[in-house]
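**Q** Below you'll find start.pdb; it's PDB, C-alpha atoms.
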```pdb
ATOM      1  CA  MET A 157     -18.915 -19.461  33.612  1.00  0.00           C
ATOM      2  CA  ILE A 158     -19.420 -18.737  29.907  1.00  0.00           C
ATOM      3  CA  LYS A 159     -23.023 -18.433  28.790  1.00  0.00           C
ATOM      4  CA  LEU A 160     -23.604 -20.343  25.577  1.00  0.00           C
ATOM      5  CA  PRO A 161     -25.371 -18.245  22.915  1.00  0.00           C
ATOM      6  CA  THR A 162     -28.892 -19.198  21.864  1.00  0.00           C
ATOM      7  CA  GLU A 163     -29.203 -16.748  18.978  1.00  0.00           C
ATOM      8  CA  LYS A 164     -26.972 -14.815  16.567  1.00  0.00           C
ATOM      9  CA  ILE A 165     -24.812 -12.105  18.128  1.00  0.00           C
ATOM     10  CA  LYS A 166     -24.683  -8.862  16.139  1.00  0.00           C
ATOM     11  CA  ALA A 167     -21.410  -7.632  14.650  1.00  0.00           C
ATOM     12  CA  VAL A 168     -19.616  -4.960  16.674  1.00  0.00           C
ATOM     13  CA  ARG A 169     -17.431  -3.541  13.867  1.00  0.00           C
ATOM     14  CA  ILE A 170     -18.011  -2.362  10.319  1.00  0.00           C
ATOM     15  CA  ASN A 171     -14.637  -0.939   9.285  1.00  0.00           C
ATOM     16  CA  PRO A 172     -11.390  -2.929   9.346  1.00  0.00           C
ATOM     17  CA  ARG A 173      -9.344  -2.911  12.531  1.00  0.00           C
ATOM     18  CA  LYS A 174      -6.201  -3.780  10.586  1.00  0.00           C
ATOM     19  CA  ILE A 175      -5.811  -3.276   6.859  1.00  0.00           C
ATOM     20  CA  ILE A 176      -2.971  -3.878   4.391  1.00  0.00           C
ATOM     21  CA  LEU A 177      -2.548  -1.776   1.252  1.00  0.00           C
ATOM     22  CA  PHE A 178       0.158  -2.934  -1.143  1.00  0.00           C
ATOM     23  CA  GLY A 179       1.334  -2.069  -4.624  1.00  0.00           C
ATOM     24  CA  LYS A 180       4.249  -0.890  -6.729  1.00  0.00           C
ATOM     25  CA  PRO A 181       6.434   2.004  -5.508  1.00  0.00           C
ATOM     26  CA  LYS A 182       5.174   5.518  -6.352  1.00  0.00           C
ATOM     27  CA  ILE A 183       1.619   4.261  -6.861  1.00  0.00           C
ATOM     28  CA  GLY A 184       0.232   6.801  -4.363  1.00  0.00           C
ATOM     29  CA  LYS A 185       0.064   4.873  -1.091  1.00  0.00           C
ATOM     30  CA  SER A 186       1.720   7.579   1.021  1.00  0.00           C
ATOM     31  CA  THR A 187      -0.145  10.355  -0.803  1.00  0.00           C
ATOM     32  CA  ALA A 188      -3.452   8.684  -0.005  1.00  0.00           C
ATOM     33  CA  LEU A 189      -2.535   8.416   3.688  1.00  0.00           C
ATOM     34  CA  SER A 190      -1.543  12.076   3.845  1.00  0.00           C
ATOM     35  CA  ASN A 191      -5.150  12.884   2.878  1.00  0.00           C
ATOM     36  CA  LEU A 192      -6.760  10.690   5.546  1.00  0.00           C
ATOM     37  CA  ASP A 193      -7.877  12.873   8.464  1.00  0.00           C
ATOM     38  CA  GLY A 194      -6.562  11.777  11.858  1.00  0.00           C
ATOM     39  CA  CYS A 195      -3.912   9.455  10.401  1.00  0.00           C
ATOM     40  CA  LEU A 196      -0.390   9.484  11.852  1.00  0.00           C
ATOM     41  CA  ILE A 197       2.118   8.185   9.306  1.00  0.00           C
ATOM     42  CA  LEU A 198       5.136   6.411  10.754  1.00  0.00           C
ATOM     43  CA  ASP A 199       7.519   7.006   7.852  1.00  0.00           C
ATOM     44  CA  LEU A 200      10.159   4.285   7.949  1.00  0.00           C
ATOM     45  CA  GLU A 201      11.767   4.951   4.564  1.00  0.00           C
ATOM     46  CA  GLY A 202      11.787   8.721   4.114  1.00  0.00           C
ATOM     47  CA  GLY A 203       9.004   8.690   1.566  1.00  0.00           C
ATOM     48  CA  THR A 204       6.914  11.587   2.869  1.00  0.00           C
ATOM     49  CA  ASP A 205       9.402  14.449   2.423  1.00  0.00           C
ATOM     50  CA  TYR A 206       7.273  15.988  -0.324  1.00  0.00           C
ATOM     51  CA  LEU A 207       3.947  15.525   1.460  1.00  0.00           C
ATOM     52  CA  ASP A 208       2.091  17.720   3.926  1.00  0.00           C
ATOM     53  CA  ALA A 209       1.017  15.126   6.458  1.00  0.00           C
ATOM     54  CA  LEU A 210       0.635  14.149  10.085  1.00  0.00           C
ATOM     55  CA  LYS A 211       3.890  12.198  10.201  1.00  0.00           C
ATOM     56  CA  ILE A 212       7.025  11.173  12.037  1.00  0.00           C
ATOM     57  CA  ASP A 213      10.162  10.545   9.984  1.00  0.00           C
ATOM     58  CA  ILE A 214      11.706   7.635  11.902  1.00  0.00           C
ATOM     59  CA  LEU A 215      14.940   7.599   9.873  1.00  0.00           C
ATOM     60  CA  GLN A 216      15.543  11.329  10.322  1.00  0.00           C
ATOM     61  CA  GLU A 217      14.901  11.075  14.059  1.00  0.00           C
ATOM     62  CA  SER A 218      17.311   8.142  14.170  1.00  0.00           C
ATOM     63  CA  LYS A 219      20.050  10.251  12.571  1.00  0.00           C
ATOM     64  CA  THR A 220      19.298  13.221  14.840  1.00  0.00           C
ATOM     65  CA  GLN A 221      19.356  11.223  18.072  1.00  0.00           C
ATOM     66  CA  GLY A 222      22.066   8.783  17.014  1.00  0.00           C
ATOM     67  CA  ILE A 223      20.143   5.648  17.967  1.00  0.00           C
ATOM     68  CA  PRO A 224      18.807   2.804  15.790  1.00  0.00           C
ATOM     69  CA  PRO A 225      15.437   3.330  14.040  1.00  0.00           C
ATOM     70  CA  ILE A 226      13.793   0.588  16.109  1.00  0.00           C
ATOM     71  CA  GLY A 227      14.726   2.559  19.237  1.00  0.00           C
ATOM     72  CA  ILE A 228      13.006   5.661  17.839  1.00  0.00           C
ATOM     73  CA  LEU A 229       9.921   3.609  16.981  1.00  0.00           C
ATOM     74  CA  LYS A 230       9.810   2.298  20.548  1.00  0.00           C
ATOM     75  CA  GLN A 231       9.961   5.893  21.839  1.00  0.00           C
ATOM     76  CA  VAL A 232       7.037   6.834  19.587  1.00  0.00           C
ATOM     77  CA  ILE A 233       4.980   3.833  20.729  1.00  0.00           C
ATOM     78  CA  ASN A 234       5.562   4.677  24.389  1.00  0.00           C
ATOM     79  CA  GLN A 235       4.651   8.345  23.888  1.00  0.00           C
ATOM     80  CA  ILE A 236       1.443   7.479  22.038  1.00  0.00           C
ATOM     81  CA  LYS A 237       0.452   5.020  24.760  1.00  0.00           C
ATOM     82  CA  GLU A 238       1.033   7.697  27.411  1.00  0.00           C
ATOM     83  CA  ALA A 239      -0.968  10.248  25.407  1.00  0.00           C
ATOM     84  CA  ASN A 240      -3.812   7.752  24.919  1.00  0.00           C
ATOM     85  CA  ALA A 241      -3.885   6.996  28.640  1.00  0.00           C
ATOM     86  CA  ALA A 242      -3.990  10.710  29.493  1.00  0.00           C
ATOM     87  CA  LYS A 243      -6.829  11.272  27.040  1.00  0.00           C
ATOM     88  CA  GLY A 244      -8.726   8.126  27.950  1.00  0.00           C
ATOM     89  CA  GLY A 245      -8.971   7.246  24.248  1.00  0.00           C
ATOM     90  CA  TYR A 246      -7.081   7.305  20.986  1.00  0.00           C
ATOM     91  CA  VAL A 247      -5.122  10.466  20.178  1.00  0.00           C
ATOM     92  CA  TYR A 248      -4.900   9.311  16.554  1.00  0.00           C
ATOM     93  CA  LYS A 249      -7.800   7.440  14.976  1.00  0.00           C
ATOM     94  CA  TYR A 250      -5.541   5.918  12.341  1.00  0.00           C
ATOM     95  CA  GLY A 251      -1.906   4.905  12.407  1.00  0.00           C
ATOM     96  CA  ALA A 252       0.005   3.902   9.289  1.00  0.00           C
ATOM     97  CA  ILE A 253       3.226   1.899   8.906  1.00  0.00           C
ATOM     98  CA  ASP A 254       5.055   3.032   5.790  1.00  0.00           C
ATOM     99  CA  THR A 255       6.204   0.304   5.058  1.00  0.00           C
ATOM    100  CA  ILE A 256       6.023  -3.150   6.676  1.00  0.00           C
ATOM    101  CA  SER A 257       8.808  -4.305   4.332  1.00  0.00           C
ATOM    102  CA  VAL A 258      11.190  -1.811   5.973  1.00  0.00           C
ATOM    103  CA  LEU A 259       9.885  -2.582   9.479  1.00  0.00           C
ATOM    104  CA  GLU A 260      10.869  -6.208   8.933  1.00  0.00           C
ATOM    105  CA  ASP A 261      14.473  -5.086   8.470  1.00  0.00           C
ATOM    106  CA  MET A 262      14.285  -2.763  11.474  1.00  0.00           C
ATOM    107  CA  VAL A 263      13.269  -5.533  13.900  1.00  0.00           C
ATOM    108  CA  MET A 264      16.361  -7.654  13.160  1.00  0.00           C
ATOM    109  CA  PRO A 265      18.103  -6.544  16.410  1.00  0.00           C
ATOM    110  CA  ILE A 266      15.051  -7.759  18.352  1.00  0.00           C
ATOM    111  CA  ALA A 267      15.087 -11.056  16.447  1.00  0.00           C
ATOM    112  CA  LEU A 268      18.773 -11.470  17.316  1.00  0.00           C
ATOM    113  CA  SER A 269      18.054 -10.831  21.016  1.00  0.00           C
ATOM    114  CA  LEU A 270      15.238 -13.395  20.971  1.00  0.00           C
ATOM    115  CA  TYR A 271      17.532 -16.015  19.484  1.00  0.00           C
ATOM    116  CA  LYS A 272      20.414 -15.266  21.869  1.00  0.00           C
ATOM    117  CA  ALA A 273      18.003 -15.710  24.780  1.00  0.00           C
ATOM    118  CA  THR A 274      17.556 -19.366  23.798  1.00  0.00           C
ATOM    119  CA  THR A 275      19.816 -22.245  24.833  1.00  0.00           C
ATOM    120  CA  GLN A 276      20.966 -22.928  21.293  1.00  0.00           C
ATOM    121  CA  GLY A 277      21.562 -19.269  20.543  1.00  0.00           C
ATOM    122  CA  ARG A 278      23.419 -18.050  23.612  1.00  0.00           C
ATOM    123  CA  ASN A 279      26.842 -18.575  21.986  1.00  0.00           C
ATOM    124  CA  PHE A 280      25.832 -17.262  18.561  1.00  0.00           C
ATOM    125  CA  GLN A 281      28.453 -14.799  17.299  1.00  0.00           C
ATOM    126  CA  GLY A 282      26.650 -13.636  14.161  1.00  0.00           C
ATOM    127  CA  GLU A 283      24.720 -10.397  13.742  1.00  0.00           C
ATOM    128  CA  ASN A 284      21.788 -11.619  11.632  1.00  0.00           C
ATOM    129  CA  VAL A 285      19.525 -14.566  12.452  1.00  0.00           C
ATOM    130  CA  LEU A 286      18.854 -15.023   8.739  1.00  0.00           C
ATOM    131  CA  ASP A 287      22.393 -16.411   8.514  1.00  0.00           C
ATOM    132  CA  LEU A 288      21.267 -19.450  10.522  1.00  0.00           C
ATOM    133  CA  PRO A 289      21.163 -22.686   8.480  1.00  0.00           C
ATOM    134  CA  ASN A 290      17.961 -24.184   7.053  1.00  0.00           C
ATOM    135  CA  GLY A 291      15.959 -20.988   7.503  1.00  0.00           C
ATOM    136  CA  ALA A 292      15.986 -21.360  11.294  1.00  0.00           C
ATOM    137  CA  GLY A 293      16.123 -17.577  11.759  1.00  0.00           C
ATOM    138  CA  TYR A 294      12.782 -16.881  10.095  1.00  0.00           C
ATOM    139  CA  GLN A 295      10.771 -17.755  13.203  1.00  0.00           C
ATOM    140  CA  TYR A 296      12.675 -15.192  15.291  1.00  0.00           C
ATOM    141  CA  THR A 297      12.205 -12.515  12.644  1.00  0.00           C
ATOM    142  CA  ARG A 298       8.468 -13.232  12.614  1.00  0.00           C
ATOM    143  CA  SER A 299       8.276 -13.176  16.406  1.00  0.00           C
ATOM    144  CA  ALA A 300      10.060  -9.809  16.534  1.00  0.00           C
ATOM    145  CA  LEU A 301       7.788  -8.379  13.829  1.00  0.00           C
ATOM    146  CA  TRP A 302       4.614  -9.579  15.596  1.00  0.00           C
ATOM    147  CA  MET A 303       5.802  -8.073  18.890  1.00  0.00           C
ATOM    148  CA  VAL A 304       6.160  -4.614  17.325  1.00  0.00           C
ATOM    149  CA  LEU A 305       2.917  -4.904  15.349  1.00  0.00           C
ATOM    150  CA  GLU A 306       0.957  -5.865  18.476  1.00  0.00           C
ATOM    151  CA  GLU A 307       2.282  -2.793  20.274  1.00  0.00           C
ATOM    152  CA  LEU A 308       1.418  -0.550  17.330  1.00  0.00           C
ATOM    153  CA  GLU A 309      -2.059  -2.033  17.134  1.00  0.00           C
ATOM    154  CA  GLN A 310      -2.706  -0.910  20.718  1.00  0.00           C
ATOM    155  CA  CYS A 311      -1.876   2.690  19.780  1.00  0.00           C
ATOM    156  CA  PHE A 312      -4.609   3.316  17.205  1.00  0.00           C
ATOM    157  CA  GLU A 313      -8.243   2.588  16.552  1.00  0.00           C
ATOM    158  CA  THR A 314      -7.232   1.359  13.083  1.00  0.00           C
ATOM    159  CA  LEU A 315      -3.788   0.228  11.961  1.00  0.00           C
ATOM    160  CA  ILE A 316      -2.983   0.668   8.256  1.00  0.00           C
ATOM    161  CA  ILE A 317      -0.053  -1.351   6.963  1.00  0.00           C
ATOM    162  CA  LEU A 318       1.576  -0.310   3.689  1.00  0.00           C
ATOM    163  CA  ALA A 319       3.605  -2.929   1.850  1.00  0.00           C
ATOM    164  CA  HIS A 320       5.637  -3.237  -1.306  1.00  0.00           C
ATOM    165  CA  LEU A 321       4.589  -5.593  -4.076  1.00  0.00           C
ATOM    166  CA  LYS A 322       6.266  -8.956  -4.578  1.00  0.00           C
ATOM    167  CA  ASP A 323       5.758 -10.996  -7.732  1.00  0.00           C
ATOM    168  CA  LYS A 324       6.503 -14.706  -7.567  1.00  0.00           C
ATOM    169  CA  MET A 325       6.189 -17.434 -10.158  1.00  0.00           C
ATOM    170  CA  LEU A 326       3.912 -20.389  -9.458  1.00  0.00           C
ATOM    171  CA  GLU A 327       2.990 -23.481 -11.400  1.00  0.00           C
ATOM    172  CA  LYS A 328      -0.651 -24.554 -11.431  1.00  0.00           C
ATOM    173  CA  GLU A 329      -1.967 -27.400 -13.539  1.00  0.00           C
ATOM    174  CA  GLY A 330       1.231 -27.416 -15.529  1.00  0.00           C
ATOM    175  CA  LYS A 331       1.071 -23.709 -16.351  1.00  0.00           C
ATOM    176  CA  GLU A 332       3.275 -20.931 -14.995  1.00  0.00           C
ATOM    177  CA  MET A 333       1.539 -17.923 -13.480  1.00  0.00           C
ATOM    178  CA  THR A 334       2.546 -14.830 -11.522  1.00  0.00           C
ATOM    179  CA  GLU A 335       1.086 -14.257  -8.053  1.00  0.00           C
ATOM    180  CA  ARG A 336       1.144 -10.735  -6.635  1.00  0.00           C
ATOM    181  CA  GLY A 337       1.433 -10.396  -2.881  1.00  0.00           C
ATOM    182  CA  ILE A 338       3.189  -8.671   0.015  1.00  0.00           C
ATOM    183  CA  ASP A 339       6.976  -8.343   0.023  1.00  0.00           C
ATOM    184  CA  LEU A 340       7.980 -10.122   3.251  1.00  0.00           C
ATOM    185  CA  ILE A 341      10.372 -12.999   3.851  1.00  0.00           C
ATOM    186  CA  GLY A 342       9.479 -16.618   4.585  1.00  0.00           C
ATOM    187  CA  LYS A 343       5.935 -17.291   5.764  1.00  0.00           C
ATOM    188  CA  SER A 344       5.470 -13.795   7.195  1.00  0.00           C
ATOM    189  CA  ALA A 345       3.340 -12.549   4.282  1.00  0.00           C
ATOM    190  CA  ALA A 346       0.869 -15.440   4.522  1.00  0.00           C
ATOM    191  CA  ILE A 347       0.601 -15.231   8.320  1.00  0.00           C
ATOM    192  CA  LEU A 348       0.172 -11.445   8.328  1.00  0.00           C
ATOM    193  CA  SER A 349      -2.447 -11.647   5.574  1.00  0.00           C
ATOM    194  CA  ALA A 350      -4.458 -14.129   7.649  1.00  0.00           C
ATOM    195  CA  ASN A 351      -4.395 -11.810  10.668  1.00  0.00           C
ATOM    196  CA  VAL A 352      -5.753  -8.610   9.134  1.00  0.00           C
ATOM    197  CA  ASP A 353      -9.331  -7.693   8.267  1.00  0.00           C
ATOM    198  CA  ALA A 354      -8.716  -6.482   4.725  1.00  0.00           C
ATOM    199  CA  ILE A 355      -6.001  -6.569   2.063  1.00  0.00           C
ATOM    200  CA  GLY A 356      -6.158  -4.186  -0.873  1.00  0.00           C
ATOM    201  CA  TYR A 357      -3.985  -4.243  -3.985  1.00  0.00           C
ATOM    202  CA  MET A 358      -3.365  -0.728  -5.355  1.00  0.00           C
ATOM    203  CA  TYR A 359      -2.833  -0.071  -9.050  1.00  0.00           C
ATOM    204  CA  ARG A 360      -3.380   2.701 -11.591  1.00  0.00           C
ATOM    205  CA  ASP A 361      -6.095   2.665 -14.246  1.00  0.00           C
ATOM    206  CA  ASP A 362      -5.982   5.769 -16.461  1.00  0.00           C
ATOM    207  CA  ASN A 363      -6.543   8.745 -14.125  1.00  0.00           C
ATOM    208  CA  GLU A 364      -7.536   6.639 -11.119  1.00  0.00           C
ATOM    209  CA  THR A 365      -5.661   4.702  -8.445  1.00  0.00           C
ATOM    210  CA  ILE A 366      -7.770   1.674  -7.615  1.00  0.00           C
ATOM    211  CA  VAL A 367      -7.783  -0.455  -4.465  1.00  0.00           C
ATOM    212  CA  ASN A 368      -8.782  -4.000  -5.371  1.00  0.00           C
ATOM    213  CA  PHE A 369     -10.289  -6.140  -2.595  1.00  0.00           C
ATOM    214  CA  LYS A 370     -11.481  -8.848  -4.979  1.00  0.00           C
ATOM    215  CA  PRO A 371      -9.406 -12.018  -4.494  1.00  0.00           C
ATOM    216  CA  SER A 372      -8.139 -14.051  -7.421  1.00  0.00           C
ATOM    217  CA  GLU A 373      -5.541 -16.695  -8.223  1.00  0.00           C
ATOM    218  CA  SER A 374      -3.048 -14.025  -9.269  1.00  0.00           C
ATOM    219  CA  VAL A 375      -3.567 -11.404  -6.521  1.00  0.00           C
ATOM    220  CA  THR A 376      -3.539 -11.850  -2.746  1.00  0.00           C
ATOM    221  CA  CYS A 377      -6.342  -9.622  -1.491  1.00  0.00           C
ATOM    222  CA  GLY A 378      -9.787  -9.756   0.140  1.00  0.00           C
ATOM    223  CA  SER A 379     -11.803  -8.546   3.121  1.00  0.00           C
ATOM    224  CA  ARG A 380     -13.884  -9.673   6.099  1.00  0.00           C
ATOM    225  CA  CYS A 381     -15.796  -6.378   5.971  1.00  0.00           C
ATOM    226  CA  ASP A 382     -19.024  -6.651   3.998  1.00  0.00           C
ATOM    227  CA  HIS A 383     -18.701  -3.261   2.304  1.00  0.00           C
ATOM    228  CA  LEU A 384     -15.241  -4.132   0.942  1.00  0.00           C
ATOM    229  CA  LYS A 385     -15.822  -7.715  -0.199  1.00  0.00           C
ATOM    230  CA  ASP A 386     -15.196  -8.188  -3.935  1.00  0.00           C
ATOM    231  CA  GLN A 387     -14.945  -4.418  -4.420  1.00  0.00           C
ATOM    232  CA  LYS A 388     -12.670  -2.287  -6.599  1.00  0.00           C
ATOM    233  CA  ILE A 389     -12.618   1.238  -5.153  1.00  0.00           C
ATOM    234  CA  ALA A 390     -11.209   4.391  -6.772  1.00  0.00           C
ATOM    235  CA  LEU A 391      -9.154   5.903  -3.938  1.00  0.00           C
ATOM    236  CA  ILE A 392      -7.296   8.598  -5.911  1.00  0.00           C
ATOM    237  CA  THR A 393      -8.579  10.463  -8.967  1.00  0.00           C
ATOM    238  CA  SER A 394      -6.614  13.033 -10.973  1.00  0.00           C
ATOM    239  CA  ASN A 395      -7.778  15.588 -13.539  1.00  0.00           C
ATOM    240  CA  GLU A 396      -6.099  17.014 -16.647  1.00  0.00           C
ATOM    241  CA  ALA A 397      -4.439  19.746 -14.562  1.00  0.00           C
ATOM    242  CA  GLY A 398      -2.728  17.114 -12.403  1.00  0.00           C
ATOM    243  CA  GLU A 399      -4.843  17.901  -9.348  1.00  0.00           C
ATOM    244  CA  ILE A 400      -5.826  14.879  -7.281  1.00  0.00           C
ATOM    245  CA  THR A 401      -8.837  13.975  -5.173  1.00  0.00           C
ATOM    246  CA  VAL A 402      -8.532  11.327  -2.452  1.00  0.00           C
ATOM    247  CA  ASP A 403     -11.719   9.681  -1.211  1.00  0.00           C
ATOM    248  CA  TRP A 404     -11.533   7.261   1.731  1.00  0.00           C
ATOM    249  CA  SER A 405     -15.300   7.246   2.342  1.00  0.00           C
ATOM    250  CA  LYS A 406     -15.880   3.895   0.641  1.00  0.00           C
ATOM    251  CA  ILE A 407     -13.114   2.168   2.604  1.00  0.00           C
ATOM    252  CA  PHE A 408     -13.822   3.628   6.038  1.00  0.00           C
ATOM    253  CA  ILE A 409     -17.567   4.176   6.057  1.00  0.00           C
ATOM    254  CA  LYS A 410     -19.499   6.056   8.727  1.00  0.00           C
TER
END
```
For the file at hand, write its structure as structure tokens.

**A**
Amino acid sequence: MIKLPTEKIKAVRINPRKIILFGKPKIGKSTALSNLDGCLILDLEGGTDYLDALKIDILQESKTQGIPPIGILKQVINQIKEANAAKGGYVYKYGAIDTISVLEDMVMPIALSLYKATTQGRNFQGENVLDLPNGAGYQYTRSALWMVLEELEQCFETLIILAHLKDKMLEKEGKEMTERGIDLIGKSAAILSANVDAIGYMYRDDNETIVNFKPSESVTCGSRCDHLKDQKIALITSNEAGEITVDWSKIFIK
């Protein structure tokens, strides 16, 4: 029987368990991750070729082994789970998906299998559920994406999700405005955003790359973590010689 609480229960976490970082291409997302100790980058789009990093190039492994990228990712997940079990803890403190926008494309074979397993989909002859009328395929794409994300979440103490930026036009009070958010199809961006602990928008300001956790009407971001709420944090700083310094200490505090 559940014991009803009679006083406040103290928080058990300080740092985010799942965090999204999104911004324009070449803003420094992958570079920042390569400088985070204990972070395994799952490179889904071949963007880490010029970086010294703890990484697995999923696309290159796919070409080498001759199997789809999602099959390689499943191999990686299984191996990490086995390594974690052998260690009795996490082999990698952080795991990073680079990027969720590409992962969404990779899970399409899973989405197709999910649809074909239904009564209405068993005779479907197409190869992409997004071809279904009235947006009926979106739910299967989301289900496939959540399945993979849940498995990845089990592999690491903290899961970092990189995403591309998507600008969309909205009308509020008769005025047009641009909202900046995560580049995912359908309702996936809104649902994913609601299920992470922090969302940071990355942008450049002079010699600094800033992560903005301060929500506004024009930017989808924010945090449940007290030390990140309403904060703008300089993650990358460069000097006149082009040398960079990456400081994660204000995002993942001790």

**Q** Could you write out as a list in words the residues that the PyMOL selection byres ((chain A and resi 361) around 12) matches in the shown file?

**A**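 This file gives the following for the PyMOL selection byres ((chain A and resi 361) around 12): Ile183, Met358, Tyr359, Arg360, Asp362, Asn363, Glu364, Thr365, Ile366, Val367, Asn368, Lys388, Ile389, Ala390, Leu391, Ile392, Thr393 and Ser394 of chain A.
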
**Q** Here is a test: counting only C-alpha atoms, which residue of A:Ile316, A:Ile266, A:Val285, A:Ala252 is nearest to Val304 of chain A?

**A**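 Comparing A:Ile316, A:Ile266, A:Val285, A:Ala252 against Val304 of chain A, the winner is A:Ile266.
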
**Q** Determine, counting only C-alpha atoms, which protein, DNA and RNA residues have an atom within 8 Å of an atom of segment 379-383 of chain A; residues of the same chain fewer than 6 positions away are not included. Present the result as a list of chain:residue names.

**A** A:Ile170, A:Asn171, A:Pro172, A:Asp353, A:Ala354, A:Ile355, A:Phe369, A:Lys406, A:Ile407

**Q** Which residue is closest to Tyr296 of chain A? Choose from A:Ser374, A:Thr314, A:Ser269, A:Thr162 and count only C-alpha atoms.

**A**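 Once distances to Tyr296 of chain A are computed over only C-alpha atoms, the minimum belongs to A:Ser269.
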
**Q** How far is it from atom CA of Glu309 of chain A to atom CA of Ile197 of chain A, in Å with one decimal?

**A**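 It comes out at 13.5 Å.
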
**Q** Calculated over all atoms listed in the file, which of the candidates A:Leu268, A:Ile165, A:Ala350, A:Ile253 has the smallest distance to Gln295 of chain A?

**A**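 Of A:Leu268, A:Ile165, A:Ala350, A:Ile253, the one nearest Gln295 of chain A, counting all atoms listed in the file, is A:Leu268.
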
**Q** One decimal, in Å: what's the spacing between atom CA of Val375 of chain A and atom CA of Tyr357 of chain A?

**A**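 The value is 7.6 Å.
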
**Q** Could you tell me which residues the PyMOL selection byres ((chain A and resi 257) around 7) grabs in this file, written as JSON, numbers by chain?

**A** {"A": [255, 256, 258, 259, 260, 319, 320, 339, 340]}

**Q** Using the chain letters and numbers from the file, give me the residues hit by the PyMOL selection byres ((chain A and resi 200) around 7), as a CSV table (one decimal) with C-alpha atoms, keeping the file's coordinate frame.

**A**
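Output file expr.csv follows:
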```csv
chain,number,residue,atom,x,y,z
A,198,LEU,CA,5.1,6.4,10.8
A,199,ASP,CA,7.5,7.0,7.9
A,201,GLU,CA,11.8,5.0,4.6
A,202,GLY,CA,11.8,8.7,4.1
A,213,ASP,CA,10.2,10.5,10.0
A,214,ILE,CA,11.7,7.6,11.9
A,215,LEU,CA,14.9,7.6,9.9
A,254,ASP,CA,5.1,3.0,5.8
A,255,THR,CA,6.2,0.3,5.1
A,258,VAL,CA,11.2,-1.8,6.0
```

**Q** Considering only C-alpha atoms, can you say which of A:Tyr206, A:Tyr248, A:Phe408, A:Tyr294 comes closest to Arg173 of chain A?

**A**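 Nearest to Arg173 of chain A: A:Phe408.
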
**Q** How many Å lie between atom CA of Tyr246 of chain A and atom CA of Val232 of chain A, rounded to one decimal?

**A**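 Computed distance, atom CA of Tyr246 of chain A to atom CA of Val232 of chain A, equals 14.2 Å.
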
**Q** Pick the closest to Pro225 of chain A from A:Asp261, A:Asp208, A:Asp287, A:Glu238: which is it, counting all atoms listed in the file?

**A**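 Once distances to Pro225 of chain A are computed over all atoms listed in the file, the minimum belongs to A:Asp261.
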
**Q** Could you list, as a list of chain:residue names, every residue within 8 Å of Ala300 of chain A, counting all atoms listed in the file and ignoring same-chain residues fewer than 5 positions away?

**A**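 Here the qualifying residues turn out to be A:Val263, A:Met264, A:Ile266, A:Ala267, A:Leu270.
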